[in-house]
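Here's the structure we're looking at; comments come further down.
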Amino acid sequence: MAVSAQEKTTHPYGNTSVMGDPSESGRFGEFGGMFVPETLVPACQELDRAFRSAWADPVFRDELYLLFRDYAGRPSPITICENLSAELGCRILLKREDLNHTGSHKINSVLGQALLAKRMGKTRLVAETGAGQHGVATATAAALFDMECIVYMGEVDIRRQELNVFRMKLLGSEVRAAQSGSQTLKDAVNEAMRHWVGAVESTHYCLGSVMGPHPYPWMVREFHRVIGVEASQQCASLLGGAPDVVVACVGGGSNAAGIFSGFVDTEAALVGVEPAGGAALGRAVPGVVHGSHSYLMQDEWGQVLEAHSISAGLDYPGVGPEHAHLAATKRARYEPISDAQVVEAFQLLARTEGIIPALEPAHALGWIMQAKDELAGQTVLLNLSGRGDKDVAQMMEHLA
Amino acid sequence: MAVSAQEKTTHPYGNTSVMGDPSESGRFGEFGGMFVPETLVPACQELDRAFRSAWADPVFRDELYLLFRDYAGRPSPITICENLSAELGCRILLKREDLNHTGSHKINSVLGQALLAKRMGKTRLVAETGAGQHGVATATAAALFDMECIVYMGEVDIRRQELNVFRMKLLGSEVRAAQSGSQTLKDAVNEAMRHWVGAVESTHYCLGSVMGPHPYPWMVREFHRVIGVEASQQCASLLGGAPDVVVACVGGGSNAAGIFSGFVDTEAALVGVEPAGGAALGRAVPGVVHGSHSYLMQDEWGQVLEAHSISAGLDYPGVGPEHAHLAATKRARYEPISDAQVVEAFQLLARTEGIIPALEPAHALGWIMQAKDELAGQTVLLNLSGRGDKDVAQMMEHLA
Amino acid sequence: MTGVLEAALRARLDRGGKCLVPYLTGGLGNDWLETVQAAAIAGADAVEIGIPFSDPVMDGPTIQLANDRALAAGVTPQQVFDRLHRADIGVPTVVMTYGNIAYRMGYQRFAASLARSTVAGAILPDIPLEELGPWATAADAEAIETVLLGAPTASDERLARIAQRSRGFVYAVGLLGITGVREQLAASAKVIAKRLKAVTDLPVLVGVGVGTPRQAVEVCEEADGVVVGSAMVQRMLDGAGPDGVAELVAEFRQALDESTNHC
Amino acid sequence: MTGVLEAALRARLDRGGKCLVPYLTGGLGNDWLETVQAAAIAGADAVEIGIPFSDPVMDGPTIQLANDRALAAGVTPQQVFDRLHRADIGVPTVVMTYGNIAYRMGYQRFAASLARSTVAGAILPDIPLEELGPWATAADAEAIETVLLGAPTASDERLARIAQRSRGFVYAVGLLGITGVREQLAASAKVIAKRLKAVTDLPVLVGVGVGTPRQAVEVCEEADGVVVGSAMVQRMLDGAGPDGVAELVAEFRQALDESTNHC
Ligand SMILES: Cc1ncc(COP(=O)(O)O)c(C=O)c1O
Ligand SMILES: Cc1ncc(COP(=O)(O)O)c(C=O)c1O
């Protein structure tokens, strides 16, 4: 079974686990943990136990594998980009998460979490969403598993993304406005957590990235590990081994964690690309918010700042703790990219390869464009985490 | 190689070929042919020769197979719909063409045609499009193959579908308005043909369905046959044989032809579903237009009528000649469905399975809903020809 | 047996002249039949009468517009036939329409209707040689001369087969493209005329892209004559009436006659 | 060694009374410190002072709004400390804020700041038992009493561990949910109080969902007292000023006293 093929990665980078299991206290090096209101601690612990047991259970893995294959359309292919490679002077391979059902990698984790929630006897899902990608994915899983679902979305985002709101409703979910704070993603996380505090017994909080309290950063990464497992097998057969560089965009960090996990034990350089206006890793200021100890954009007093990015999916001021660990241990590097470069990349991929990327992975391509001298002659695997359909209207206005 | 696995189908239904090769004169029974201006006859004949030679060439098939796999994301899975089956009382399987790159089955034919055009030394593609699906797919292939591309679209449709116009431009294509007649799909076909008449030496006309002059109906069906080949193998392993019923929507008829071809030599009932307002097969009035002899919506004098459907992709007054043949020989039946039933089906699939279908295949589901008494206990394979993202804005207005 | 269309054209050629066949849209305006008659008087050797069709794929914007206008006014093929019936035109007529109009009426009924209206010939541009059988049978039975098109894309061998099956004349397609007036005569126009002349004794008339008397004269260095469509139809659309169209026909006539020193 | 917070609460309990701890948002309005003082005079046994945080996940709309307003006015933790420094309040104070405020300043510096401002205790609701180590070390060193929360979702065994590590009192979370006034006292409120009482000698005060004097009296059938947050903060938001808040504190005081026949 493809999913379970690469059960354990080896950890050649020091004695703290590098993309292996976190410590007992849910830590990757010094990052992670379970910084949640007391009411949620038993729920997180229950989830930790349930996930450990499910993930060790071949029946659960089989079920998830079948969902991945027969519902989500996995494995996603790797596309070798001849035209783009010629243009940039390095060999570019795309891991095509854009071809998954609902159009991004998000479906991997959402199917895993819904399956787990069902196994735990939960009947409801609650989720946060920014632009709506994770909300639509969660609503999708809720429809499939016949679960009630409530999605929190910032009031401002609800107005900006009315089509995704409609999608979630079509899928049978209820969308609720997060009206506090900046009324965007981080406030939706707050509201979803608050909702969870009040409904913790019947409800699973379906978190959208490798963030939040333990076991989320680990669990969500494990559900996305399929990206890396597939990609490493595909690269083995296409390239005879790992690529020189693996690049992914980083919002919370789930797609990056998924693909990095396939290559962390190889010689490949791992590069995460953040929006310049939301570079939690780039600034490297630690904090404890939304459940974990990680890097966080904040002012001198610890008040959380708003991130700013052309891409709603990267508009998050924090980042998953495992990335903080990968950055601190220097196993991965993290680079900022400007909105303008992202727009260039978005257009370049469409024009040269007939693939309109989501703005999020266009960040990763933007970095490749910018670093092309450094990358000359190398083989670069880019995680194309989602398709650009959701961004086309925005880009039409932007480029008008 | 999966694509070539089912090289020849047997023809148990009479002595005219049923989804085998057409006759020398490009006919399926009495339908088909090459009704084009003299200028285009040599081009169609050249295309016929080129296609025959390419299709017999394992190198070409391999190349196409790799494109299908590594670029378009094939094979598309089959999803067994537990919830929907419980609701409708028959076992429903979906062939997931919605998961293909660009979101519908259209990519199959477009990759085949572009690869063939390149092989023929053509440097330009011209295409017609209605709502923009085939136009976007063609523009995609043009970008990938680095070919010039011009897409004709009705002036009215250009206004209705500005996002798809923008997509095509992003992909490097030029979109031109068809300003004559009803300014919709059939006029775009006229304009594309006119353009082809004037540029026939350098240009391949990348037709969007199993219509037009020979060899298009045959060639386009052959490129889509991958749907049926995969599905028949998948059904063999899932069901131990063919399903009881195979259902697909019919505009020009390409997705239906693709999936039918995998089951025409089995006991499975084949059902094509047309919009009630565009039921060329339902009315069964023959005509010769856009290159072939087939059924056609027309007035008593032979003037072509406009089709009316909630779904732009089925808004075409004609139908591919092979479907006329399948109808005349009773190997397939064709059923009309109302817009209202389509909207129900659209919502039902989203709510029960977490899959938002395109409005076109929602026609096929609408028929299943309507015929559920007849279908009770049967196994029904539905070709989910595309995803609904393109239709979400329209449905939001419609359901508001 | 030579048909009336061929005979009329041969008569002009025998006199050392070049043939002029204006194309006029049937049913476009109330005076379209008068326009046909005026064109004949002004020097047409035959008149091509378009029967409007909803989807004219060989036609450019001018003739498309003429079609759309006529159809919007409710014109039907039958009405065109009815008005041609026993109309005194003085030169042979040939209808031009698309396959589906004839097919829908039934090839036999269509051919019979033409014969009853004393139309000499028919041009169905989307019924090429390979598909001609059923129509040709019906047309031949009613002695309707079916004019076939020969285009630059055809091989010599194909042109020969086309010419052989054509009746009345061979319609040489002057360029790769649809009907419409161009600034310049395409180089292909004389080439196709020459190629066709090499394989047939029938009159070879060039159409598509012959929009001015100068172009007509130029192409007639090789061709036996011209079919002039969009330029004529544009006059009809402009509301020039029978006189206005006749004037243009006369200009072409004069130019052609002068070029051959023929009157 | 019993801290001042615990001592003050025990004193009330020893007199046969029930403890009342109003929660007030630090920095909300210019008169917030006067409001704290007025609450003390009106009968609070201690005052909980919220330090505004941008992302208060345990708080409902009322306290969120109070946070947002105070932050919009530019309040910083340091300003709250500065005003508390040597202010004469008359009862112990305990700050409530979220982990990141303390973490960002540095746990030691944060604890030292509290001590310098004679704040007796601290509540950091998103630093649960498992994550408490570094903060507890810093707090203990400065003799800051860290109040821990015990929630209905915890096992008895967990409640015992929480109570054992708590200082000052144990904060019993009255319901599954965030702060805010409810119509009815949740059934869970008395249950959690009883469960905690069974595992600790520390005062057990119920907070979250105690919004009226009646609810306070009801829950004190099991609990040693109450923390009243949103109801108080709502008065501050309504602009009731020190007197308006004091009035509400007095109502709670009176109801609790009457229920115990204590004065
Ligand atoms: C396509 C796509 N990529 C990336 C992201 C960012 O999330 P993460 O960093 O967790 O992969 C999102 C979030 O919405 C997304 O939609
Ligand atoms: C998703 C989808 N299905 C079906 C069709 C209809 O085409 P056909 O009948 O050729 O399959 C279209 C046309 O745009 C389409 O987009």
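As shown in the structure tokens, the chain order sets the letters A, B, ...; within each chain, residues go from 1, and ligands are also counted from 1 in the order they appear.
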Worksheet item: Looking only at the backbone, which of the residues in range 170-227 of chain C does DSSP tag as strand (DSSP E), as a ChimeraX atom specification?
Response: /C:170-173,204-207,225-227
Discussion item. Residues of chain B were defined as contacting chain A if any atom lay at most 8 Å from it, counting only C-alpha atoms; please report them as a ChimeraX atom specification.
Written reply: /B:69-71,73,76-80,83,99-101,139-144,146,163,166-167,170-172,347,350-356,392-393,396
May I have the residues from that selection written out with N, CA, C and O atoms, as a compact mmCIF listing (two decimals), in the first residue's frame?
# COMPACT_ATOMS: atom_id res chain seq x y z
N ARG B 69 -1.01 10.51 -18.58
CA ARG B 69 -0.65 10.12 -17.23
C ARG B 69 0.05 11.25 -16.47
O ARG B 69 -0.34 11.60 -15.36
N ASP B 70 1.07 11.81 -17.09
CA ASP B 70 1.95 12.72 -16.34
C ASP B 70 1.50 14.17 -16.40
O ASP B 70 1.95 14.99 -15.61
N TYR B 71 0.67 14.50 -17.35
CA TYR B 71 0.23 15.89 -17.47
C TYR B 71 -1.24 16.02 -17.07
O TYR B 71 -1.60 16.89 -16.28
N GLY B 73 -3.14 13.67 -15.61
CA GLY B 73 -3.50 13.00 -14.35
C GLY B 73 -4.30 11.71 -14.50
O GLY B 73 -4.94 11.26 -13.56
N SER B 76 -8.26 8.43 -14.51
CA SER B 76 -9.20 9.02 -13.56
C SER B 76 -9.84 7.87 -12.78
O SER B 76 -10.12 6.82 -13.35
N PRO B 77 -10.04 8.08 -11.48
CA PRO B 77 -10.58 6.98 -10.68
C PRO B 77 -12.08 6.77 -10.91
O PRO B 77 -12.74 7.59 -11.55
N ILE B 78 -12.56 5.66 -10.41
CA ILE B 78 -14.00 5.47 -10.27
C ILE B 78 -14.34 5.56 -8.80
O ILE B 78 -13.69 4.94 -7.96
N THR B 79 -15.31 6.40 -8.49
CA THR B 79 -15.75 6.58 -7.11
C THR B 79 -17.10 5.88 -6.93
O THR B 79 -18.03 6.14 -7.70
N ILE B 80 -17.16 5.03 -5.95
CA ILE B 80 -18.44 4.39 -5.64
C ILE B 80 -19.18 5.28 -4.64
O ILE B 80 -18.63 5.64 -3.60
N ASN B 83 -23.47 7.14 -0.34
CA ASN B 83 -24.61 7.95 0.13
C ASN B 83 -25.66 8.12 -0.95
O ASN B 83 -26.85 7.98 -0.72
N LEU B 99 -11.60 15.12 -12.47
CA LEU B 99 -10.28 15.26 -11.83
C LEU B 99 -9.15 15.49 -12.84
O LEU B 99 -8.01 15.71 -12.45
N ASN B 100 -9.47 15.45 -14.10
CA ASN B 100 -8.44 15.71 -15.11
C ASN B 100 -7.95 17.16 -15.05
O ASN B 100 -8.70 18.05 -14.68
N HIS B 101 -6.76 17.37 -15.49
CA HIS B 101 -6.25 18.73 -15.67
C HIS B 101 -7.22 19.53 -16.54
O HIS B 101 -7.71 19.03 -17.56
N ALA B 139 -6.36 25.97 -25.41
CA ALA B 139 -5.31 26.95 -25.08
C ALA B 139 -4.24 26.30 -24.21
O ALA B 139 -3.05 26.60 -24.33
N THR B 140 -4.67 25.41 -23.35
CA THR B 140 -3.74 24.68 -22.49
C THR B 140 -2.78 23.84 -23.32
O THR B 140 -1.56 23.89 -23.14
N ALA B 141 -3.35 23.07 -24.25
CA ALA B 141 -2.51 22.24 -25.10
C ALA B 141 -1.59 23.10 -25.96
O ALA B 141 -0.43 22.75 -26.19
N ALA B 142 -2.11 24.22 -26.42
CA ALA B 142 -1.29 25.11 -27.25
C ALA B 142 -0.09 25.62 -26.45
O ALA B 142 1.03 25.70 -26.96
N ALA B 143 -0.34 25.99 -25.20
CA ALA B 143 0.77 26.45 -24.35
C ALA B 143 1.79 25.33 -24.19
O ALA B 143 2.99 25.54 -24.36
N LEU B 144 1.30 24.15 -23.89
CA LEU B 144 2.19 23.02 -23.66
C LEU B 144 3.01 22.68 -24.90
O LEU B 144 4.20 22.36 -24.81
N ASP B 146 3.59 24.76 -27.32
CA ASP B 146 4.18 25.98 -27.84
C ASP B 146 3.66 26.30 -29.24
O ASP B 146 4.43 26.59 -30.15
N LEU B 163 -14.18 35.17 -17.23
CA LEU B 163 -13.07 34.49 -16.55
C LEU B 163 -12.39 33.48 -17.48
O LEU B 163 -11.16 33.35 -17.47
N PHE B 166 -10.26 35.29 -19.87
CA PHE B 166 -9.00 35.67 -19.23
C PHE B 166 -8.06 34.46 -19.12
O PHE B 166 -6.85 34.56 -19.36
N ARG B 167 -8.63 33.30 -18.77
CA ARG B 167 -7.82 32.08 -18.68
C ARG B 167 -7.11 31.81 -20.01
O ARG B 167 -5.92 31.52 -20.06
N LEU B 170 -4.33 34.19 -20.49
CA LEU B 170 -3.21 33.80 -19.61
C LEU B 170 -2.39 32.68 -20.23
O LEU B 170 -1.17 32.64 -20.11
N LEU B 171 -3.10 31.77 -20.88
CA LEU B 171 -2.45 30.60 -21.47
C LEU B 171 -1.80 30.96 -22.81
O LEU B 171 -1.22 30.09 -23.47
N GLY B 172 -1.93 32.20 -23.20
CA GLY B 172 -1.24 32.66 -24.40
C GLY B 172 -2.06 32.60 -25.66
O GLY B 172 -1.53 32.81 -26.75
N GLN B 347 -27.29 19.82 -6.96
CA GLN B 347 -27.27 19.98 -5.51
C GLN B 347 -27.14 18.64 -4.79
O GLN B 347 -26.45 18.53 -3.78
N ALA B 350 -23.53 17.28 -4.68
CA ALA B 350 -22.71 18.07 -3.76
C ALA B 350 -23.01 17.67 -2.32
O ALA B 350 -22.10 17.38 -1.54
N ARG B 351 -24.26 17.60 -1.99
CA ARG B 351 -24.67 17.37 -0.61
C ARG B 351 -24.36 15.95 -0.15
O ARG B 351 -23.93 15.74 0.98
N THR B 352 -24.57 14.98 -1.03
CA THR B 352 -24.41 13.59 -0.58
C THR B 352 -22.99 13.07 -0.70
O THR B 352 -22.59 12.20 0.05
N GLU B 353 -22.24 13.56 -1.67
CA GLU B 353 -20.92 12.96 -1.92
C GLU B 353 -19.77 13.95 -1.86
O GLU B 353 -18.62 13.57 -2.05
N GLY B 354 -20.08 15.21 -1.65
CA GLY B 354 -18.99 16.17 -1.62
C GLY B 354 -18.35 16.41 -2.96
O GLY B 354 -17.18 16.77 -3.07
N ILE B 355 -19.12 16.20 -4.01
CA ILE B 355 -18.61 16.42 -5.36
C ILE B 355 -19.55 17.38 -6.07
O ILE B 355 -20.72 17.08 -6.27
N ILE B 356 -19.02 18.54 -6.43
CA ILE B 356 -19.84 19.51 -7.16
C ILE B 356 -19.62 19.26 -8.64
O ILE B 356 -18.53 19.50 -9.16
N VAL B 392 -20.45 27.40 -10.62
CA VAL B 392 -20.86 27.78 -9.27
C VAL B 392 -21.46 29.18 -9.23
O VAL B 392 -22.47 29.42 -8.57
N ALA B 393 -20.88 30.10 -9.96
CA ALA B 393 -21.40 31.47 -9.94
C ALA B 393 -22.82 31.49 -10.53
O ALA B 393 -23.73 32.11 -9.98
N MET B 396 -25.20 30.01 -8.09
CA MET B 396 -25.44 30.90 -6.94
C MET B 396 -26.54 31.90 -7.29
O MET B 396 -27.45 32.12 -6.51
Worksheet item: Quick one: which residues from chain A are at most 8 Å off chain D, using only C-alpha atoms, as number ranges by chain?
Response: A: 25, 33-43, 180-181, 187, 190-191, 193-200, 286-289, 291, 300-304
Would you output that residue set with N, CA and C atoms, as a short mmCIF file (atom, residue, chain, number, x, y, z; two decimals), in the first residue's frame?
data_model
loop_
_atom_site.label_atom_id
_atom_site.label_comp_id
_atom_site.auth_asym_id
_atom_site.auth_seq_id
_atom_site.Cartn_x
_atom_site.Cartn_y
_atom_site.Cartn_z
N SER A 25 5.88 15.24 24.56
CA SER A 25 5.16 16.48 24.82
C SER A 25 4.77 17.18 23.52
N GLY A 33 4.18 21.54 21.16
CA GLY A 33 3.48 21.59 22.43
C GLY A 33 1.98 21.68 22.28
N MET A 34 1.32 21.99 23.42
CA MET A 34 -0.13 21.93 23.44
C MET A 34 -0.67 23.10 24.26
N PHE A 35 -0.56 24.28 23.69
CA PHE A 35 -0.92 25.50 24.40
C PHE A 35 -2.39 25.84 24.17
N VAL A 36 -3.24 25.12 24.84
CA VAL A 36 -4.68 25.35 24.66
C VAL A 36 -5.37 25.48 26.00
N PRO A 37 -6.55 26.08 26.00
CA PRO A 37 -7.33 26.16 27.23
C PRO A 37 -7.54 24.76 27.81
N GLU A 38 -7.54 24.68 29.10
CA GLU A 38 -7.67 23.42 29.81
C GLU A 38 -8.81 22.55 29.27
N THR A 39 -9.92 23.18 28.93
CA THR A 39 -11.06 22.42 28.42
C THR A 39 -10.67 21.53 27.25
N LEU A 40 -9.73 22.00 26.44
CA LEU A 40 -9.37 21.27 25.22
C LEU A 40 -8.25 20.25 25.44
N VAL A 41 -7.58 20.34 26.54
CA VAL A 41 -6.43 19.44 26.74
C VAL A 41 -6.85 17.97 26.64
N PRO A 42 -7.89 17.57 27.36
CA PRO A 42 -8.27 16.15 27.23
C PRO A 42 -8.65 15.79 25.79
N ALA A 43 -9.27 16.72 25.06
CA ALA A 43 -9.65 16.45 23.68
C ALA A 43 -8.41 16.25 22.81
N SER A 180 -14.60 39.19 14.96
CA SER A 180 -13.68 39.91 15.84
C SER A 180 -12.36 40.19 15.14
N GLY A 181 -11.55 40.99 15.80
CA GLY A 181 -10.18 41.24 15.34
C GLY A 181 -10.14 41.72 13.90
N ASP A 187 -8.57 35.10 12.93
CA ASP A 187 -9.76 35.26 13.75
C ASP A 187 -10.71 34.09 13.55
N ASN A 190 -9.45 31.52 15.80
CA ASN A 190 -9.93 31.80 17.16
C ASN A 190 -11.36 31.32 17.34
N GLU A 191 -12.22 31.67 16.38
CA GLU A 191 -13.64 31.31 16.51
C GLU A 191 -13.83 29.80 16.47
N MET A 193 -11.71 27.57 17.42
CA MET A 193 -11.26 27.06 18.72
C MET A 193 -12.31 27.31 19.79
N ARG A 194 -12.89 28.51 19.78
CA ARG A 194 -13.93 28.83 20.76
C ARG A 194 -15.11 27.89 20.59
N HIS A 195 -15.46 27.65 19.33
CA HIS A 195 -16.57 26.74 19.08
C HIS A 195 -16.23 25.35 19.62
N TRP A 196 -15.03 24.96 19.38
CA TRP A 196 -14.59 23.63 19.82
C TRP A 196 -14.65 23.52 21.33
N VAL A 197 -14.20 24.59 22.00
CA VAL A 197 -14.25 24.60 23.47
C VAL A 197 -15.67 24.29 23.94
N GLY A 198 -16.65 24.77 23.20
CA GLY A 198 -18.03 24.60 23.63
C GLY A 198 -18.69 23.31 23.15
N ALA A 199 -18.03 22.59 22.25
CA ALA A 199 -18.71 21.42 21.65
C ALA A 199 -17.75 20.26 21.54
N VAL A 200 -16.78 20.27 22.43
CA VAL A 200 -15.63 19.38 22.26
C VAL A 200 -16.00 17.89 22.29
N PRO A 286 9.89 33.81 18.11
CA PRO A 286 9.04 32.75 18.65
C PRO A 286 7.87 33.29 19.45
N GLY A 287 6.82 32.46 19.53
CA GLY A 287 5.65 32.84 20.31
C GLY A 287 4.84 31.60 20.63
N VAL A 288 3.80 31.80 21.45
CA VAL A 288 2.88 30.69 21.71
C VAL A 288 1.48 31.17 21.40
N VAL A 289 0.94 30.70 20.31
CA VAL A 289 -0.40 31.11 19.92
C VAL A 289 -1.05 29.99 19.13
N GLY A 291 -2.13 27.31 19.99
CA GLY A 291 -1.85 25.96 20.42
C GLY A 291 -0.42 25.52 20.42
N GLU A 300 6.10 44.03 19.65
CA GLU A 300 7.05 43.87 20.77
C GLU A 300 6.37 43.38 22.05
N TRP A 301 5.04 43.48 22.12
CA TRP A 301 4.32 43.07 23.32
C TRP A 301 3.70 41.68 23.18
N GLY A 302 3.85 41.09 22.01
CA GLY A 302 3.27 39.77 21.84
C GLY A 302 1.88 39.78 21.21
N GLN A 303 1.43 40.96 20.80
CA GLN A 303 0.16 41.00 20.08
C GLN A 303 0.41 40.49 18.65
N VAL A 304 -0.48 39.61 18.20
CA VAL A 304 -0.28 38.98 16.89
C VAL A 304 -0.55 40.00 15.78
#
Response to the item:
Restricting to only C-alpha atoms, whichever of D:Ala160, D:Leu13, D:Ala187, D:Leu5 is closest to Leu256 in chain D is D:Leu13
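Atom pair CA of Val233 in chain C / CA of Val91 in chain C has a distance of 18.9 Å (rounded to one decimal).
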Worksheet item: Mind pulling up the distance from CA of Val95 in chain D to CA of Phe169 in chain D?
Response: 13.5 Å
